[in-house]
Amino acid sequence: MSINVRGVGKRFGDFVALSDIDLEIPSGQLTALLGPSGGGKSTLLRIIAGLELSDVGTVEIEGNDATRLPAQKRNVGFVFQHYAAFRHMSVADNVGFGLKIRKRPKREIAAKVDELLSLVHLSQFADRLPSQLSGGQRQRMALARALAIEPSVLLLDEPFGALDAKVRKELRAWLRRLHDEVHVTTVFVTHDQEEALEVADQIVVINNGRIEQVGTPDELYDAPASEFVMSFLGPVTLLDGSLVRPHDIEVVTVPFPGAHAGHILRASRVGFEVRLEIGLAGDASSTPVLVTLTRAEATAKQLEEGQSVWIKAVAGASQIATAADRPATTAVPSPVPS
Ligand SMILES: Nc1ncnc2c1ncn2[C@@H]1O[C@H](COP(=O)(O)OP(=O)(O)OP(=O)(O)O)[C@@H](O)[C@H]1O
């Protein structure tokens, strides 16, 4: 294990930001800390980095007790959402800064900076100032700078959070490729479930200062341990007292065994998807069941608003029985990331 967090707790005054955190972060993997705003992700990352001290518990990095070690002695690289570059220094000097203050020979620094700029595809911008880079390029420069000291652990706090959706997507794919090349143990904070599902080897879901679940993207998606995890990782709807994913519900236009009768209240097209809201027969007061299918499926079945349909969760769908005091059929929206 590269990072071992045991029994970590942190309060800010009366507020419990983290409690009872036990976590093992494997070497060489890309681990996402995922959860809603205020859940404690950044606090945990900062405790691993040594930028914050825990009240209780221990942090081990590469087998060494780092609990009381100052940040600069932990051999970690750190990148924040808003990267503070040295504005008067060139991109190359920014990347080499960590090596310069460690008094490494000039030739070694120059070679390392060249190698890193090529790794993050910024070689042609070596002599520019950070203000002459785009937001995405600046974050890549920040990553190169963090990697320059050859950290044993790379910690990223919403590294692409301030960028627009398209650039975020590109950088996400790029981060995955970069990680596959350098294999440095990386922990990154995100509140975006798609980002975590797409990029991470392991996801740690954090909510209200506690770990809800740890697993691979598939494990979390297919076997969520709680209603919270299931609804945080993607849209859900209630059917038969269980949370189900809207794409795991089958819709047909003739009755079939075990299916609920209803009718299509609303059909909306969103990109390649068609989203249906289905009102169940004899249950006019309840919230509609949400169902998503591809446009091709909806067209083939000639599904239209007002039509009678029968619905049932497909075999093998992940489902979580909900608390009995909930109404039988409720559409539960996915939490909106902050
Ligand atoms: N220095 C501090 N003083 C007081 N409260 C703090 C401090 N740092 C964090 N908190 C509180 O601790 C809680 C957890 O904060 P943290 O930044 O770890 O959450 P997060 O999951 O990273 O959320 P976000 O995605 O919004 O950054 C929040 O309620 C925050 O207000």
# chains A, B, ... in the order shown; residues from 1 in each chain; ligands from 1
$ residues_near_ligand --ligand "ligand 1" --cutoff "10 Å" --atoms "only C-alpha atoms and all ligand atoms" --output "count of residues only"
39
$ select_by_dssp --residues "stretch 43-100 of chain A" --states "helix (DSSP H, G or I)" --output "list of chain:residue names"
A:Thr43, A:Leu44, A:Leu45, A:Arg46, A:Ile47, A:Ile48, A:Ala49, A:Ala71, A:Gln72, A:Lys73, A:Val91, A:Ala92, A:Asp93, A:Asn94, A:Val95, A:Gly96, A:Phe97, A:Gly98, A:Leu99, A:Lys100
$ residues_around --residues "stretch 198-201 of chain A" --least-positions-apart "3" --cutoff "8 Å" --atoms "only C-alpha atoms" --output "mmCIF file with C-alpha atoms, in the first residue's frame"
data_model
loop_
_atom_site.group_PDB
_atom_site.id
_atom_site.type_symbol
_atom_site.label_atom_id
_atom_site.label_comp_id
_atom_site.auth_asym_id
_atom_site.auth_seq_id
_atom_site.Cartn_x
_atom_site.Cartn_y
_atom_site.Cartn_z
ATOM 1 C CA GLN A 29 -3.092 3.551 -8.998
ATOM 2 C CA LEU A 30 -5.332 6.479 -9.740
ATOM 3 C CA THR A 31 -7.759 6.884 -6.841
ATOM 4 C CA ALA A 32 -10.667 9.339 -6.837
ATOM 5 C CA ARG A 172 -9.561 13.904 -17.939
ATOM 6 C CA ALA A 173 -8.676 11.558 -20.796
ATOM 7 C CA LEU A 175 -4.701 12.573 -17.150
ATOM 8 C CA ARG A 176 -5.570 8.905 -17.579
ATOM 9 C CA GLU A 194 -18.563 10.873 -14.474
ATOM 10 C CA GLU A 195 -14.989 12.092 -14.019
ATOM 11 C CA THR A 216 -13.594 0.008 -8.578
ATOM 12 C CA PRO A 217 -15.916 2.060 -10.800
#
$ select_by_dssp --residues "stretch 96-159 of chain A" --states "strand (DSSP E)" --output "ChimeraX atom specification"
/A:153-157
$ write_last_selection --atoms "C-alpha atoms" --output "PDB file, in the first residue's frame"
ATOM      1  CA  VAL A 153       2.392  10.487  -4.386  1.00  0.00           C
ATOM      2  CA  LEU A 154       0.593  13.015  -6.567  1.00  0.00           C
ATOM      3  CA  LEU A 155      -2.390  14.759  -4.938  1.00  0.00           C
ATOM      4  CA  LEU A 156      -4.835  16.691  -7.102  1.00  0.00           C
ATOM      5  CA  ASP A 157      -7.649  18.790  -5.648  1.00  0.00           C
TER       6      ASP A 157
END
$ residues_around --residues "stretch 288-300 of chain A" --least-positions-apart "3" --cutoff "6 Å" --atoms "only C-alpha atoms" --output "PyMOL selection string"
chain A and resi 237+246-247+272-279+303+331
$ residues_around --residues "A:Val120" --least-positions-apart "3" --cutoff "10 Å" --atoms "only C-alpha atoms" --output "list of chain:residue names"
A:Glu115, A:Leu116, A:Leu117, A:Ser123, A:Gln137, A:Gln139, A:Arg140, A:Met141, A:Ala142, A:Leu143, A:Ala144, A:Trp174, A:Leu175, A:Leu178
$ write_last_selection --atoms "N, CA and C atoms" --output "short mmCIF file (atom, residue, chain, number, x, y, z; two decimals), in the first residue's frame"
data_model
loop_
_atom_site.label_atom_id
_atom_site.label_comp_id
_atom_site.auth_asym_id
_atom_site.auth_seq_id
_atom_site.Cartn_x
_atom_site.Cartn_y
_atom_site.Cartn_z
N GLU A 115 11.98 17.00 -20.47
CA GLU A 115 11.26 15.71 -20.47
C GLU A 115 9.81 15.92 -20.03
N LEU A 116 9.63 16.72 -18.97
CA LEU A 116 8.27 16.91 -18.43
C LEU A 116 7.40 17.73 -19.36
N LEU A 117 7.99 18.77 -19.97
CA LEU A 117 7.19 19.59 -20.89
C LEU A 117 6.74 18.75 -22.08
N SER A 123 5.99 21.51 -24.83
CA SER A 123 7.38 21.86 -25.19
C SER A 123 7.46 23.19 -25.93
N GLN A 137 -3.90 24.48 -20.39
CA GLN A 137 -2.44 24.39 -20.50
C GLN A 137 -1.78 24.71 -19.16
N GLN A 139 -3.01 24.14 -16.20
CA GLN A 139 -3.14 23.00 -15.28
C GLN A 139 -2.16 21.89 -15.67
N ARG A 140 -1.89 21.75 -16.96
CA ARG A 140 -0.89 20.76 -17.39
C ARG A 140 0.50 21.19 -16.91
N MET A 141 0.76 22.49 -16.96
CA MET A 141 2.03 22.99 -16.44
C MET A 141 2.12 22.69 -14.93
N ALA A 142 1.01 22.87 -14.23
CA ALA A 142 0.99 22.61 -12.79
C ALA A 142 1.31 21.14 -12.52
N LEU A 143 0.77 20.27 -13.35
CA LEU A 143 1.05 18.84 -13.17
C LEU A 143 2.52 18.54 -13.43
N ALA A 144 3.08 19.16 -14.47
CA ALA A 144 4.51 18.95 -14.78
C ALA A 144 5.35 19.43 -13.59
N TRP A 174 -6.67 12.89 -20.87
CA TRP A 174 -5.23 13.11 -20.91
C TRP A 174 -4.59 12.66 -19.59
N LEU A 175 -5.24 12.97 -18.46
CA LEU A 175 -4.70 12.57 -17.15
C LEU A 175 -4.58 11.05 -17.07
N LEU A 178 -1.62 10.07 -19.14
CA LEU A 178 -0.40 10.48 -18.44
C LEU A 178 -0.11 9.49 -17.31
#
$ residues_around --residues "A:Val91" --least-positions-apart "5" --cutoff "7 Å" --atoms "only C-alpha atoms" --output "list in words"
Phe125, Ala126, Asp127, Arg128, Leu129 and Pro130 of chain A
$ closest_residue --among "A:Lys301, A:Lys169, A:Arg210, A:Lys312" --to "A:His260" --atoms "only C-alpha atoms"
A:Lys312
$ residues_around --residues "A:Leu23" --least-positions-apart "5" --cutoff "9 Å" --atoms "only C-alpha atoms" --output "PyMOL selection string"
chain A and resi 3-7+204+211+214
$ atom_distance --atom1 "atom CA of A:Pro257" --atom2 "atom CA of A:Pro224"
27.7 Å
$ closest_residue --among "A:Pro159, A:Val95, A:Ser118, A:Gln202" --to "A:Gly215" --atoms "only C-alpha atoms"
A:Gln202
$ atom_distance --atom1 "atom CA of A:Ala111" --atom2 "atom CA of A:Val182"
16.8 Å
$ closest_residue --among "A:Gly96, A:Ile48, A:Glu212, A:Val79" --to "A:Asp20" --atoms "only C-alpha atoms"
A:Glu212
$ atom_distance --atom1 "atom CA of A:Ser54" --atom2 "atom CA of A:Ala146"
23.6 Å
$ closest_residue --among "A:Val229, A:Leu239, A:Ile249, A:Ile61" --to "A:Ser2" --atoms "only C-alpha atoms"
A:Ile61
$ closest_residue --among "A:Asp218, A:Glu150, A:Glu304, A:Glu181" --to "A:Thr253" --atoms "only C-alpha atoms"
A:Glu304
